[in-house]
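Presented below is the structure to which this report refers.
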Amino acid sequence: MVAHLTMILLIYFLAAMAVHVMHQRHTSRPESRGFEQILLIPSNQAGRIEGIIRALYLELLYRGKSFTLTVVTEHQESETITIIEKMMQRQGLELSYLRTTPAELDHAVQTNNSYRLIDLRKSSDEKDYS
């Protein structure tokens with residue numbers, strides 16, 4: 001009889017601990033901040049683009065944000081664009097394209113800060129000799 005009561009107390013204790021842990025996880029998450037518009041300039045990054053998109057998606061998912069991804073590109077048939085399309089389709093997200101010159105884009109960034117710009121035209125490991 002004592003063994004049965006001890007088991008019941010142990011089960012209640014474990015259930016209370018599980019509820020406590022779930023509550024701690026819920027309160028430690030950052031608050032949802034709504035929606036974010038992302039402009040991505042890929043420029044021949046087929047080897048790295050999948051990791052970049054996954055990291056971006058996980059960061060926004062953790063922060064509770066929904067987002068739209070707009071790819072700024074001159075040619076939509078490149079391998080990098082194909083990879084981005086497949087990843088966005090796999091996640092069930094919509095992808096849009098923007099064709100613009102870099103000068104117009106730089107001017108838009110200076111006047112409008114309503115989106116995040118990820119520019120991969122120059123990677124950090126490339127050296128600028130000019």
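For the structure tokens, the naming scheme is as follows: chains receive sequential letters (A, B, ...) according to their order of presentation, residues are indexed from 1 within each chain, and ligands are indexed from 1 in presentation order.
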- prompt: Do you know which residues are at most 12 Å from Thr82 (chain A) counting only C-alpha atoms, after dropping those on the same chain fewer than 6 positions away, and could you put them as a list in words?
  reply: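 Non-adjacent residues within range: Pro42, Asn44, Gln45, Ala46, Ile49, Glu50, Val71, His75, Gln76, Met88, Gln89 and Leu95 of chain A.
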For the selection just defined, write its residues with C-alpha atoms to a file, as an mmCIF file, in the first residue's frame.
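Result saved to part.cif:
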```
data_model
loop_
_atom_site.group_PDB
_atom_site.id
_atom_site.type_symbol
_atom_site.label_atom_id
_atom_site.label_comp_id
_atom_site.auth_asym_id
_atom_site.auth_seq_id
_atom_site.Cartn_x
_atom_site.Cartn_y
_atom_site.Cartn_z
ATOM 1 C CA PRO A 42 22.525 36.125 -53.898
ATOM 2 C CA ASN A 44 26.559 33.079 -57.317
ATOM 3 C CA GLN A 45 26.482 31.655 -53.783
ATOM 4 C CA ALA A 46 25.222 28.167 -54.673
ATOM 5 C CA ILE A 49 22.942 29.754 -49.968
ATOM 6 C CA GLU A 50 21.206 26.741 -48.420
ATOM 7 C CA VAL A 71 15.353 37.971 -54.300
ATOM 8 C CA HIS A 75 19.063 36.277 -64.107
ATOM 9 C CA GLN A 76 16.450 33.957 -62.601
ATOM 10 C CA MET A 88 11.133 28.168 -50.008
ATOM 11 C CA GLN A 89 8.733 25.744 -51.679
ATOM 12 C CA LEU A 95 9.160 33.885 -53.043
#
```
task: Determine, counting only C-alpha atoms, which protein, DNA and RNA residues have an atom within 7 Å of an atom of Leu117 (chain A); residues of the same chain fewer than 6 positions away are not included. Present the result as a PyMOL selection string.
output: chain A and resi 38-40
Based on the selection just made, write N, CA and C atoms of those residues as a PDB file, in the first residue's frame.
```pdb
ATOM      1  N   ILE A  38      12.435  40.746 -46.247  1.00  0.00           N
ATOM      2  CA  ILE A  38      13.864  40.513 -46.450  1.00  0.00           C
ATOM      3  C   ILE A  38      14.185  40.615 -47.937  1.00  0.00           C
ATOM      4  N   LEU A  39      15.194  41.424 -48.252  1.00  0.00           N
ATOM      5  CA  LEU A  39      15.713  41.517 -49.618  1.00  0.00           C
ATOM      6  C   LEU A  39      17.036  40.769 -49.655  1.00  0.00           C
ATOM      7  N   LEU A  40      17.156  39.826 -50.561  1.00  0.00           N
ATOM      8  CA  LEU A  40      18.359  39.007 -50.672  1.00  0.00           C
ATOM      9  C   LEU A  40      18.973  39.193 -52.051  1.00  0.00           C
TER      10      LEU A  40
END
```
message: Using only C-alpha atoms for the distances, tell me which of A:Met1, A:Leu69, A:Ile41, A:Leu9 is nearest to Leu56 (chain A).
response: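 Under the stated criterion, the closest residue is A:Leu69.
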- line: note - CA of Phe67 (chain A) and CA of Gln37 (chain A) are separated by 5.6 Å
